[in-house]
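my_file_6.csv (CSV, C-alpha atoms and all ligand atoms) appears below.
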chain,number,residue,atom,x,y,z
A,1,MET,CA,-9.3,-9.1,31.4
A,2,ASN,CA,-7.5,-5.8,31.1
A,3,GLU,CA,-8.1,-2.6,33.1
A,4,TYR,CA,-10.5,-1.4,30.5
A,5,THR,CA,-12.9,-4.3,30.5
A,6,LYS,CA,-13.0,-4.3,34.3
A,7,LYS,CA,-14.2,-0.8,34.5
A,8,ASN,CA,-16.2,-0.8,31.3
A,9,GLY,CA,-14.2,2.2,30.0
A,10,LYS,CA,-16.3,4.8,31.8
A,11,ASN,CA,-13.3,6.3,33.6
A,12,PHE,CA,-10.9,6.8,30.7
A,13,PHE,CA,-9.7,10.2,31.9
A,14,GLN,CA,-9.6,9.1,35.5
A,15,ASP,CA,-7.5,6.1,34.5
A,16,LEU,CA,-5.3,8.3,32.4
A,17,SER,CA,-4.7,10.8,35.2
A,18,LEU,CA,-3.9,8.0,37.6
A,19,THR,CA,-1.5,6.3,35.1
A,20,ILE,CA,0.4,9.5,34.5
A,21,LYS,CA,0.8,10.0,38.2
A,22,GLU,CA,1.8,6.4,38.9
A,23,THR,CA,4.2,6.3,36.0
A,24,ALA,CA,6.0,9.4,37.3
A,25,ASN,CA,6.1,7.8,40.8
A,26,ASP,CA,7.8,4.6,39.6
A,27,CYS,CA,9.8,5.7,36.6
A,28,GLU,CA,12.5,8.3,37.3
A,29,LEU,CA,13.0,9.1,33.7
A,30,TYR,CA,9.3,9.9,33.2
A,31,GLN,CA,9.3,11.9,36.5
A,32,LYS,CA,12.0,14.0,35.0
A,33,LEU,CA,10.0,14.7,31.8
A,34,CYS,CA,7.1,15.7,34.0
A,35,LYS,CA,9.3,18.0,36.1
A,36,ASP,CA,10.8,19.6,33.0
A,37,VAL,CA,7.3,20.9,32.0
A,38,ASP,CA,6.1,21.5,35.6
A,39,TYR,CA,3.3,19.1,35.0
A,40,ASP,CA,0.4,19.6,37.5
A,41,PHE,CA,-0.8,16.1,38.5
A,42,ASN,CA,-3.8,17.4,40.3
A,43,ARG,CA,-5.4,19.0,37.3
A,44,PRO,CA,-8.0,16.7,35.8
A,45,VAL,CA,-7.1,15.4,32.3
A,46,ASN,CA,-9.7,16.1,29.6
A,47,GLU,CA,-10.0,16.3,25.8
A,48,SER,CA,-8.7,19.8,25.8
A,49,ASN,CA,-5.5,19.4,27.8
A,50,LEU,CA,-4.3,16.0,26.4
A,51,GLY,CA,-1.5,17.9,24.8
A,52,ASP,CA,0.0,18.9,28.2
A,53,ILE,CA,0.7,15.3,29.2
A,54,PRO,CA,4.4,14.7,29.2
A,55,TYR,CA,5.2,12.4,26.4
A,56,VAL,CA,8.2,10.0,25.7
A,57,PRO,CA,9.7,10.7,22.3
A,58,TRP,CA,10.2,7.6,20.1
A,59,SER,CA,14.0,8.2,20.1
A,60,PHE,CA,14.1,7.2,23.9
A,61,PHE,CA,13.1,3.7,22.9
A,62,LYS,CA,15.9,3.3,20.4
A,63,GLN,CA,18.6,0.8,21.1
A,64,SER,CA,21.3,3.3,20.2
A,65,ASN,CA,20.1,5.8,22.9
A,66,ASN,CA,20.3,3.2,25.6
A,67,LYS,CA,17.5,4.7,27.6
A,68,PHE,CA,15.0,1.8,27.2
A,69,LYS,CA,15.9,0.2,30.5
A,70,GLN,CA,15.2,3.5,32.3
A,71,LEU,CA,11.7,3.6,30.8
A,72,LEU,CA,10.7,0.5,32.7
A,73,ARG,CA,8.4,1.1,35.7
A,74,GLY,CA,9.0,-0.2,39.2
A,75,ASN,CA,10.6,-3.6,39.4
A,76,THR,CA,9.7,-4.6,35.8
A,77,PHE,CA,13.3,-5.4,34.9
A,78,GLU,CA,13.6,-8.1,37.6
A,79,LYS,CA,10.4,-9.8,36.4
A,80,LEU,CA,11.0,-9.4,32.7
A,81,ASP,CA,11.1,-12.6,30.6
A,82,TYR,CA,12.3,-10.9,27.4
A,83,TRP,CA,12.4,-7.6,25.6
A,84,MET,CA,10.2,-6.7,22.6
A,85,GLU,CA,12.0,-5.3,19.6
A,86,SER,CA,10.5,-3.3,16.7
A,87,SER,CA,11.2,-4.3,13.1
A,88,SER,CA,10.5,-0.8,11.8
A,89,THR,CA,13.9,0.8,11.6
A,90,SER,CA,17.0,-0.9,10.1
A,91,GLY,CA,19.9,-1.3,12.4
A,92,ASP,CA,18.4,0.7,15.3
A,93,PRO,CA,15.3,-1.0,16.7
A,94,SER,CA,13.1,0.3,19.5
A,95,ILE,CA,13.3,-1.9,22.6
A,96,VAL,CA,10.4,-2.2,25.0
A,97,GLY,CA,10.0,-4.2,28.2
A,98,ARG,CA,6.6,-5.6,28.9
A,99,LEU,CA,5.3,-8.0,31.5
A,100,GLN,CA,2.6,-10.5,30.7
A,101,SER,CA,-0.4,-8.3,31.8
A,102,ASP,CA,0.7,-5.6,29.3
A,103,ILE,CA,1.3,-8.2,26.6
A,104,GLU,CA,-2.3,-9.4,27.0
A,105,VAL,CA,-3.6,-5.9,26.5
A,106,LEU,CA,-1.5,-5.5,23.4
A,107,LYS,CA,-2.9,-8.8,22.0
A,108,GLN,CA,-6.4,-7.9,22.8
A,109,ASN,CA,-6.0,-4.6,20.9
A,110,TYR,CA,-4.7,-6.4,17.8
A,111,ASN,CA,-7.4,-9.0,18.0
A,112,ARG,CA,-10.1,-6.3,18.3
A,113,VAL,CA,-8.8,-4.5,15.2
A,114,PHE,CA,-8.7,-7.7,13.1
A,115,THR,CA,-12.2,-8.8,14.3
A,116,GLU,CA,-13.9,-5.4,13.9
A,117,PHE,CA,-12.3,-4.4,10.6
A,118,SER,CA,-12.0,-7.9,9.0
A,119,GLU,CA,-13.6,-11.3,9.6
A,120,LYS,CA,-11.0,-12.8,11.9
A,121,ASP,CA,-13.6,-14.7,14.0
A,122,LYS,CA,-15.5,-16.1,11.1
A,123,VAL,CA,-12.7,-17.3,8.9
A,124,LYS,CA,-10.6,-20.3,9.8
A,125,ASN,CA,-8.1,-20.6,7.0
A,126,LEU,CA,-5.1,-18.3,7.1
A,127,ILE,CA,-2.3,-17.6,4.7
A,128,LEU,CA,0.4,-15.8,6.7
A,129,PHE,CA,3.3,-14.0,4.9
A,130,ALA,CA,5.4,-14.8,8.0
A,131,PRO,CA,7.6,-17.5,9.4
A,132,LYS,CA,6.7,-19.9,12.2
A,133,LYS,CA,7.2,-18.8,15.8
A,134,ARG,CA,10.1,-21.1,16.3
A,135,PHE,CA,12.0,-19.3,13.5
A,136,ILE,CA,11.3,-15.9,15.0
A,137,GLU,CA,12.6,-17.2,18.3
A,138,LYS,CA,16.0,-17.9,16.6
A,139,ILE,CA,16.3,-14.2,15.7
A,140,LYS,CA,17.3,-12.6,19.0
A,141,HIS,CA,19.6,-10.2,20.6
A,142,THR,CA,20.5,-9.8,24.3
A,143,PHE,CA,20.3,-6.6,26.3
A,144,TYR,CA,21.2,-6.4,30.0
A,145,GLY,CA,21.3,-10.2,30.2
A,146,LYS,CA,17.8,-10.7,28.8
A,147,ASP,CA,16.9,-11.9,25.3
A,148,SER,CA,15.1,-9.6,22.9
A,149,TYR,CA,12.7,-10.8,20.1
A,150,LEU,CA,10.6,-9.2,17.4
A,151,LEU,CA,7.2,-8.0,18.7
A,152,TYR,CA,5.7,-10.6,16.3
A,153,LYS,CA,6.7,-13.4,18.7
A,154,SER,CA,4.4,-12.0,21.4
A,155,ILE,CA,1.3,-11.5,19.2
A,156,VAL,CA,1.4,-14.5,16.8
A,157,ASP,CA,-0.7,-16.5,19.3
A,158,ILE,CA,-3.7,-14.4,18.3
A,159,TRP,CA,-4.0,-16.7,15.3
A,160,TYR,CA,-4.3,-19.8,17.5
A,161,GLY,CA,-6.9,-22.2,16.4
A,162,LYS,CA,-6.7,-21.3,12.7
A,163,ASP,CA,-5.4,-23.5,9.9
A,164,ILE,CA,-2.3,-21.5,9.2
A,165,HIS,CA,-0.1,-21.7,6.1
A,166,TYR,CA,3.2,-20.0,6.9
A,167,LEU,CA,4.9,-18.8,3.7
A,168,LEU,CA,8.1,-17.5,5.0
A,169,GLN,CA,10.7,-20.1,5.3
A,170,PHE,CA,14.4,-20.9,5.8
A,171,PHE,CA,16.3,-21.8,2.7
A,172,LEU,CA,19.2,-24.0,3.7
A,173,GLY,CA,20.8,-24.3,0.3
A,174,LYS,CA,20.8,-20.6,-0.3
A,175,THR,CA,22.2,-20.0,3.2
A,176,ILE,CA,25.1,-22.3,2.6
A,177,LEU,CA,25.8,-20.7,-0.8
A,178,ASN,CA,25.6,-17.3,0.8
A,179,MET,CA,28.1,-18.3,3.5
A,180,VAL,CA,30.5,-19.7,0.9
A,181,LYS,CA,30.3,-16.5,-1.1
A,182,THR,CA,30.4,-13.9,1.7
A,183,LEU,CA,32.0,-15.9,4.5
A,184,LYS,CA,29.2,-14.6,6.7
A,185,ALA,CA,26.7,-16.8,8.6
A,186,ARG,CA,23.4,-15.2,7.6
A,187,ALA,CA,20.2,-17.1,7.2
A,188,VAL,CA,18.4,-16.7,3.9
A,189,ILE,CA,14.7,-16.8,4.2
A,190,GLY,CA,12.0,-16.0,1.7
A,191,ILE,CA,8.5,-16.8,0.5
A,192,ASN,CA,7.8,-20.4,-0.5
A,193,GLY,CA,6.1,-19.6,-3.9
A,194,LYS,CA,5.1,-23.2,-4.5
A,195,LYS,CA,3.3,-23.4,-1.2
A,196,LEU,CA,1.6,-20.1,-2.0
A,197,GLU,CA,0.4,-21.2,-5.4
A,198,ASP,CA,-0.9,-24.6,-4.1
A,199,GLU,CA,-2.8,-23.0,-1.3
A,200,LEU,CA,-4.4,-20.4,-3.5
A,201,ASN,CA,-5.5,-23.1,-5.9
A,202,ARG,CA,-6.9,-25.2,-3.0
A,203,VAL,CA,-8.8,-22.2,-1.6
A,204,GLU,CA,-10.3,-21.3,-5.0
A,205,LYS,CA,-11.3,-24.8,-5.9
A,206,ASN,CA,-12.9,-25.6,-2.6
A,207,LYS,CA,-14.3,-22.1,-2.1
A,208,ILE,CA,-12.7,-21.9,1.4
A,209,PRO,CA,-13.1,-18.5,3.2
A,210,THR,CA,-9.6,-17.3,3.8
A,211,ILE,CA,-7.6,-14.4,5.3
A,212,MET,CA,-4.3,-13.5,3.9
A,213,ALA,CA,-2.2,-11.5,6.3
A,214,ASN,CA,0.9,-9.7,7.3
A,215,SER,CA,3.3,-7.1,5.9
A,216,PRO,CA,2.1,-5.5,2.6
A,217,LEU,CA,5.7,-5.6,1.4
A,218,TRP,CA,5.9,-9.3,0.9
A,219,MET,CA,2.5,-9.7,-0.4
A,220,HIS,CA,2.9,-6.9,-3.0
A,221,LYS,CA,6.2,-8.1,-4.3
A,222,VAL,CA,5.5,-11.8,-4.3
A,223,LEU,CA,2.0,-11.6,-5.8
A,224,LYS,CA,3.1,-9.1,-8.4
A,225,ASP,CA,6.0,-11.4,-9.5
A,226,PHE,CA,3.5,-14.3,-9.4
A,227,TYR,CA,1.0,-12.5,-11.6
A,228,GLU,CA,3.6,-11.4,-14.1
A,229,LYS,CA,5.1,-14.8,-14.4
A,230,LYS,CA,1.9,-16.9,-14.5
A,231,LYS,CA,-0.7,-14.4,-15.7
A,232,LYS,CA,-3.1,-16.2,-13.4
A,233,THR,CA,-6.0,-14.7,-11.4
A,234,PHE,CA,-8.2,-16.4,-8.9
A,235,ASP,CA,-11.9,-16.2,-8.4
A,236,MET,CA,-12.2,-15.8,-4.6
A,237,SER,CA,-15.3,-13.6,-4.8
A,238,ASP,CA,-16.8,-12.8,-1.4
A,239,ARG,CA,-14.7,-15.1,0.7
A,240,PHE,CA,-11.1,-13.7,0.6
A,241,TYR,CA,-9.9,-11.1,3.1
A,242,ILE,CA,-6.6,-9.2,3.2
A,243,ILE,CA,-5.2,-7.9,6.5
A,244,THR,CA,-2.0,-5.8,6.3
A,245,GLY,CA,-0.1,-4.4,9.2
A,246,GLY,CA,3.2,-3.4,10.6
A,247,GLY,CA,3.8,-0.6,8.0
A,248,GLY,CA,6.2,-1.4,5.2
A,249,TRP,CA,4.4,0.8,2.7
A,250,ASP,CA,7.6,2.8,2.3
A,251,GLY,CA,9.6,-0.1,1.1
A,252,VAL,CA,11.7,-0.9,4.1
A,253,LYS,CA,10.7,-3.4,6.7
A,254,GLY,CA,13.1,-3.9,9.5
A,255,ARG,CA,16.3,-5.5,8.3
A,256,ILE,CA,14.6,-6.3,5.0
A,257,LYS,CA,15.1,-3.7,2.3
A,258,MET,CA,13.1,-4.3,-0.9
A,259,GLY,CA,14.0,-1.0,-2.6
A,260,ASN,CA,10.6,-0.6,-3.9
A,261,ARG,CA,7.9,1.6,-2.3
A,262,VAL,CA,4.5,-0.1,-2.1
A,263,ASP,CA,1.9,2.2,-3.5
A,264,LYS,CA,-1.2,1.6,-1.5
A,265,THR,CA,-3.6,2.3,-4.4
A,266,GLU,CA,-1.7,0.1,-6.7
A,267,PHE,CA,-1.6,-2.7,-4.1
A,268,VAL,CA,-5.3,-2.6,-3.4
A,269,GLU,CA,-6.2,-2.5,-7.1
A,270,GLN,CA,-3.8,-5.3,-8.0
A,271,MET,CA,-5.2,-7.5,-5.3
A,272,CYS,CA,-8.8,-6.8,-6.3
A,273,LYS,CA,-8.0,-7.8,-9.9
A,274,MET,CA,-6.0,-10.8,-9.0
A,275,PHE,CA,-8.5,-12.3,-6.6
A,276,ASN,CA,-11.7,-10.9,-7.9
A,277,ILE,CA,-12.5,-9.2,-4.6
A,278,THR,CA,-13.9,-5.8,-3.6
A,279,LYS,CA,-12.1,-3.0,-1.7
A,280,ASP,CA,-14.1,-3.7,1.4
A,281,LYS,CA,-12.2,-6.9,1.9
A,282,PHE,CA,-9.1,-5.0,3.1
A,283,CYS,CA,-8.1,-4.1,6.6
A,284,ASP,CA,-4.9,-2.3,7.6
A,285,ASN,CA,-3.6,-2.1,11.2
A,286,PHE,CA,-1.5,0.7,12.6
A,287,ALA,CA,0.4,-0.1,15.8
A,288,ALA,CA,3.8,0.8,17.1
A,289,THR,CA,6.1,-1.3,19.3
A,290,GLU,CA,6.3,1.7,21.7
A,291,SER,CA,2.6,1.8,22.5
A,292,PRO,CA,-0.1,-0.9,23.1
A,293,LEU,CA,-2.7,0.9,21.1
A,294,ALA,CA,-3.8,-0.6,17.7
A,295,CYS,CA,-5.9,1.3,15.2
A,296,GLY,CA,-7.9,-0.4,12.5
A,297,ALA,CA,-8.4,0.9,9.0
A,298,HIS,CA,-10.6,0.3,6.0
A,299,TRP,CA,-10.0,1.5,2.5
A,300,SER,CA,-11.4,4.8,1.4
A,301,ASP,CA,-12.0,5.7,-2.2
A,302,LYS,CA,-12.5,9.3,-1.3
A,303,TYR,CA,-9.0,9.6,0.1
A,304,ASP,CA,-7.5,6.9,-2.0
A,305,ASP,CA,-5.9,5.7,1.2
A,306,PHE,CA,-6.5,3.6,4.3
A,307,LEU,CA,-8.6,5.5,7.0
A,308,PHE,CA,-7.5,4.7,10.5
A,309,HIS,CA,-9.8,4.8,13.5
A,310,VAL,CA,-9.0,5.4,17.2
A,311,ASP,CA,-11.6,3.9,19.5
A,312,LYS,CA,-12.1,6.4,22.4
A,313,LYS,CA,-12.6,3.6,24.9
A,314,TYR,CA,-9.0,2.6,24.6
A,315,GLY,CA,-7.0,5.7,23.7
A,316,ARG,CA,-6.5,9.1,22.1
A,317,ILE,CA,-4.2,10.5,19.5
A,318,LEU,CA,-2.7,13.8,18.9
A,319,ALA,CA,-1.0,15.3,15.8
A,320,ARG,CA,1.8,17.7,16.8
A,321,ASP,CA,3.1,20.4,14.5
A,322,ILE,CA,6.3,19.1,12.8
A,323,ASN,CA,8.3,22.2,13.8
A,324,THR,CA,6.8,23.5,17.1
A,325,LEU,CA,5.4,20.1,18.4
A,326,GLU,CA,2.3,22.0,19.5
A,327,PRO,CA,-0.9,20.0,19.2
A,328,ILE,CA,-2.7,20.7,15.9
A,329,THR,CA,-6.3,21.5,16.3
A,330,GLN,CA,-7.4,21.7,12.6
A,331,THR,CA,-8.1,18.7,10.4
A,332,GLY,CA,-6.2,17.9,7.3
A,333,LYS,CA,-2.9,19.3,8.5
A,334,PRO,CA,0.2,17.0,8.7
A,335,GLY,CA,1.6,16.4,12.1
A,336,VAL,CA,3.6,14.0,14.2
A,337,LEU,CA,1.6,11.2,15.7
A,338,GLU,CA,1.3,10.8,19.5
A,339,LEU,CA,-0.5,7.8,21.0
A,340,ILE,CA,-2.1,8.1,24.5
A,341,THR,CA,-3.5,5.3,26.6
A,342,PRO,CA,-3.7,4.3,30.2
A,343,TYR,CA,-4.2,0.6,29.4
A,344,GLY,CA,-1.4,-1.9,28.8
A,345,VAL,CA,1.4,0.4,30.2
A,346,LYS,CA,1.9,-1.0,33.7
A,347,SER,CA,5.4,-2.2,32.9
A,348,TYR,CA,6.9,0.9,31.2
A,349,ALA,CA,6.4,4.6,30.6
A,350,GLY,CA,4.2,4.2,27.5
A,351,VAL,CA,1.2,6.3,28.6
A,352,ALA,CA,2.0,9.0,26.0
A,353,VAL,CA,4.4,8.3,23.2
A,354,LEU,CA,5.4,10.5,20.4
A,355,LEU,CA,6.2,8.5,17.2
A,356,ASP,CA,8.0,9.4,14.1
A,357,ASP,CA,5.0,8.8,11.9
A,358,ILE,CA,3.4,11.8,10.1
A,359,ILE,CA,-0.3,11.7,10.0
A,360,GLN,CA,-3.2,13.8,9.1
A,361,ILE,CA,-6.4,13.8,11.2
A,362,GLU,CA,-9.4,13.9,8.9
A,363,ASN,CA,-12.1,14.0,11.6
A,364,TRP,CA,-12.0,14.3,15.4
A,365,GLU,CA,-15.5,12.8,16.0
A,366,ARG,CA,-16.5,10.1,13.6
A,367,CYS,CA,-15.8,8.5,10.3
A,368,SER,CA,-18.1,9.9,7.5
A,369,GLU,CA,-17.7,6.6,5.7
A,370,CYS,CA,-18.4,3.8,8.2
A,371,GLY,CA,-19.9,5.9,11.1
A,372,ARG,CA,-17.4,4.6,13.7
A,373,GLU,CA,-16.9,7.2,16.5
A,374,GLY,CA,-13.5,8.6,17.4
A,375,SER,CA,-10.6,10.3,15.6
A,376,ILE,CA,-10.0,9.4,12.0
A,377,PHE,CA,-6.6,9.7,10.5
A,378,ARG,CA,-4.3,8.8,7.6
A,379,ILE,CA,-0.6,8.1,7.7
A,380,THR,CA,1.1,10.3,5.2
A,381,GLY,CA,4.8,10.0,5.9
A,382,ARG,CA,7.7,9.6,8.3
A,383,LEU,CA,9.9,12.1,10.1
A,384,THR,CA,13.0,10.0,9.9
A,385,PRO,CA,13.4,8.5,6.5
A,386,SER,CA,13.6,4.8,6.9
A,387,ILE,CA,16.7,4.3,4.8
A,388,GLY,CA,18.0,0.8,5.1
A,389,LYS,CA,21.3,1.9,6.7
A,390,GLY,CA,23.2,-0.9,8.3
A,391,CYS,CA,21.0,-3.3,6.4
A,392,SER,CA,22.1,-6.7,7.5
A,393,SER,CA,20.3,-8.5,4.6
A,394,LEU,CA,18.9,-11.1,6.8
A,395,PHE,CA,16.1,-11.7,4.5
A,396,SER,CA,16.3,-12.2,0.8
A,397,MET,CA,13.6,-11.5,-1.8
A,398,ASP,CA,15.2,-13.4,-4.6
A,399,ALA,CA,14.8,-16.6,-2.6
A,400,TYR,CA,11.3,-16.6,-4.1
A,401,LYS,CA,10.8,-19.3,-6.6
A,402,LEU,CA,7.8,-20.7,-8.4
B,501,ZN,ZN,-14.5,4.4,8.8
What do you get writing this file as structure tokens?
Amino acid sequence: MNEYTKKNGKNFFQDLSLTIKETANDCELYQKLCKDVDYDFNRPVNESNLGDIPYVPWSFFKQSNNKFKQLLRGNTFEKLDYWMESSSTSGDPSIVGRLQSDIEVLKQNYNRVFTEFSEKDKVKNLILFAPKKRFIEKIKHTFYGKDSYLLYKSIVDIWYGKDIHYLLQFFLGKTILNMVKTLKARAVIGINGKKLEDELNRVEKNKIPTIMANSPLWMHKVLKDFYEKKKKTFDMSDRFYIITGGGGWDGVKGRIKMGNRVDKTEFVEQMCKMFNITKDKFCDNFAATESPLACGAHWSDKYDDFLFHVDKKYGRILARDINTLEPITQTGKPGVLELITPYGVKSYAGVAVLLDDIIQIENWERCSECGREGSIFRITGRLTPSIGKGCSSLFSMDAYKL
């Protein structure tokens, strides 16, 4: 049970004020940020002054800045089992330290999005464009004597109890060949195309309700190749759901560089055609390693894009002007995304985090398409171009074989 469920969310702003104060008390770096802007801790926080809350810029979490340890609150470091690492920027990941209670909030947030925006609870069969947990556990770094893993390791448990078909796998032969050619020990992993095809055939034949999930990058590339090669479509009608998340629409996913941008409209249309499904079967999830908030999205024909929703019980967002960083008050204007939440940030200074994603808020109050309340936004770009610099080619797309 997280802080929110205990209090039934009635005290969002009280919780927020308290969390800001407590974070400043037990995190020196955050205290400094508060001092820099002369933040008044006694002034009640409300909708109109959210923009005054001292925020931590995304760059503070970057490995290269070496500030991530200073962002931990109280004695978190002593109790920390491992660091969480983003897969979003090549070569220079964000590093966040979270204790178990914060990890639980993070998981609940992901779970809620997949349940509310897709059919996670009702569907048992899952095709995951991801490797097994024990593979992820092999990809690790060490900072200050503690191991660091991709965030995925912490949340993969949310699929517990499902019949999971993992498609990403280790290719031993390719790895050896690669080592001989380059004299470097790098694992080659890729999608097991045979497994994918077998599973899709089984799902179609037996009419098994199924969710296909993970980064749109893998799905797009692999299924496009599959379609072009086999010219085969599947009749999944009303029982096939696609959940995407973790970004990747701009063609770079962590240390994997595919070189091709994934056009969202093209992706959605291609999947609809290939599986004979409608656009309401899609769900996208926006979340960042630096914040525990998760925002669910459905497809919108009006915007030709995914529309993201912020549930007011759990958090708020701001769009800040790209040049002045002042909060934007109009809709439809691009700005830098800030995520604000008092829940799931007991271990580190994550109460207000400015990210490098550029968004556009389309409505502050409710979604005109599904009626959900809260801010509605679209992701339109990135401040720092995610060029695959220092790309370590850990993953290989050409490992895909039918
Ligand atoms: Zn909506």
With only C-alpha atoms as the atoms that count, which of A:Gly350, A:Gly381, A:Gly374, A:Gly190 lies nearest to Gly335 of chain A?
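Checking each of A:Gly350, A:Gly381, A:Gly374, A:Gly190 against Gly335 of chain A, counting only C-alpha atoms, the winner is A:Gly381.
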Report as a VMD selection string all protein, DNA and RNA residues lying within 9 Å of Asp301 of chain A, evaluated on only C-alpha atoms, omitting residues in the same chain fewer than 4 positions from it.
chain A and resid 279 305 to 306
For ligand ZN 501 (chain B), list the contacting residues at 8 Å or closer, counting all atoms listed in the file, as number ranges by chain.
A: 297-298, 307-309, 366-372, 376
With a cut-off of 12 Å, could you pull out the residues of segment 136-234 of chain A touching segment 57-79 of chain A and give me the nearest pair of atoms for each, distance in Å to one decimal, using only C-alpha atoms, ordered by chain and ascending number, as a tab-separated table?
residue	atom	partner	partner_atom	distance
A:His141	CA	A:Gln63	CA	11.1
A:Thr142	CA	A:Gln63	CA	11.2
A:Phe143	CA	A:Lys69	CA	9.1
A:Tyr144	CA	A:Lys69	CA	8.5
A:Gly145	CA	A:Phe77	CA	10.4
A:Lys146	CA	A:Phe77	CA	9.2
A:Ser148	CA	A:Gln63	CA	11.1
To one decimal place, how far is atom CA of Asn46 of chain A from atom CA of Tyr110 of chain A in Å?
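Pair atom CA of Asn46 of chain A / atom CA of Tyr110 of chain A returns 25.9 Å.
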Nearest residue to Leu151 of chain A from the set A:Asp198, A:Asp311, A:Asp15, A:Glu85 (distances using all atoms listed in the file)
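Of A:Asp198, A:Asp311, A:Asp15, A:Glu85, the one nearest Leu151 of chain A is A:Glu85, counting all atoms listed in the file.
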Excluding Met236 of chain A and any residue of its chain fewer than 6 positions from it, enumerate the residues within 9 Å of it, using only C-alpha atoms, and give them as a PDB file with C-alpha atoms, keeping the file's coordinate frame.
ATOM      1  CA  VAL A 203      -8.800 -22.200  -1.600  1.00  0.00           C
ATOM      2  CA  GLU A 204     -10.300 -21.300  -5.000  1.00  0.00           C
ATOM      3  CA  LYS A 207     -14.300 -22.100  -2.100  1.00  0.00           C
ATOM      4  CA  ILE A 208     -12.700 -21.900   1.400  1.00  0.00           C
ATOM      5  CA  PRO A 209     -13.100 -18.500   3.200  1.00  0.00           C
ATOM      6  CA  THR A 210      -9.600 -17.300   3.800  1.00  0.00           C
ATOM      7  CA  PHE A 275      -8.500 -12.300  -6.600  1.00  0.00           C
ATOM      8  CA  ASN A 276     -11.700 -10.900  -7.900  1.00  0.00           C
ATOM      9  CA  ILE A 277     -12.500  -9.200  -4.600  1.00  0.00           C
TER      10      ILE A 277
END
Kindly provide, as a list in words, the polymer residues lying within 9 Å of (3.0, 2.3, 20.5), counting only C-alpha atoms and using the coordinates exactly as they appear in the file.
Trp58, Ala287, Ala288, Thr289, Glu290, Ser291, Pro292, Leu293, Ala294, Glu338, Leu339, Ile340, Gly350, Ala352, Val353, Leu354 and Leu355 of chain A
For Gln31 of chain A, find every residue with an atom within 10 Å (counting all atoms listed in the file), except residues of its own chain fewer than 6 positions away, and show them as a PyMOL selection string.
chain A and resi 20-25+39+54+349
Would you export the selected residues with C-alpha atoms as an mmCIF file, in the coordinates of the input, please?
data_model
loop_
_atom_site.group_PDB
_atom_site.id
_atom_site.type_symbol
_atom_site.label_atom_id
_atom_site.label_comp_id
_atom_site.auth_asym_id
_atom_site.auth_seq_id
_atom_site.Cartn_x
_atom_site.Cartn_y
_atom_site.Cartn_z
ATOM 1 C CA ILE A 20 0.400 9.500 34.500
ATOM 2 C CA LYS A 21 0.800 10.000 38.200
ATOM 3 C CA GLU A 22 1.800 6.400 38.900
ATOM 4 C CA THR A 23 4.200 6.300 36.000
ATOM 5 C CA ALA A 24 6.000 9.400 37.300
ATOM 6 C CA ASN A 25 6.100 7.800 40.800
ATOM 7 C CA TYR A 39 3.300 19.100 35.000
ATOM 8 C CA PRO A 54 4.400 14.700 29.200
ATOM 9 C CA ALA A 349 6.400 4.600 30.600
#
Separation of atom CA of Leu150 of chain A from atom CA of Gly91 of chain A, in Å and rounded to one decimal:
13.2 Å
Tell me, in Å to one decimal, how far atom CA of Glu47 of chain A is from atom CA of Phe286 of chain A.
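Answer for the atom CA of Glu47 of chain A to atom CA of Phe286 of chain A separation: 22.1 Å.
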Would you pick out the contacts of segment 227-235 of chain A at 6 Å or less, using all atoms listed in the file, so that residues sharing its chain but fewer than 2 positions from it are not included, and give the list as a PyMOL selection string?
chain A and resi 223-225+237+274-276
Quick one: residues within 10 Å of Glu119 of chain A, all atoms listed in the file counted, chain neighbours fewer than 3 positions away excluded, as a PyMOL selection string?
chain A and resi 114-116+122-124+209-211+239-243+281+283
Once 5 Å is added on each side, what are the centre and the three edge lengths, in Å to one decimal, of the axis-aligned box enclosing the listed atoms of segment 295-303 of chain A? Present them as JSON.
{"center_x": -9.2, "center_y": 4.6, "center_z": 6.5, "size_x": 16.6, "size_y": 20.0, "size_z": 27.4}
Top pick for closest residue to Asp121 of chain A, considering A:Lys162, A:His220, A:Arg378, A:Lys194 and counting only C-alpha atoms:
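The shortest atom-to-atom distance to Asp121 of chain A comes from A:Lys162.
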Nearest residue to Asn285 of chain A out of A:Ile358, A:Leu126, A:Cys272, A:Ile379, using only C-alpha atoms?
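Among the listed residues, the smallest separation from Asn285 of chain A belongs to A:Ile379.
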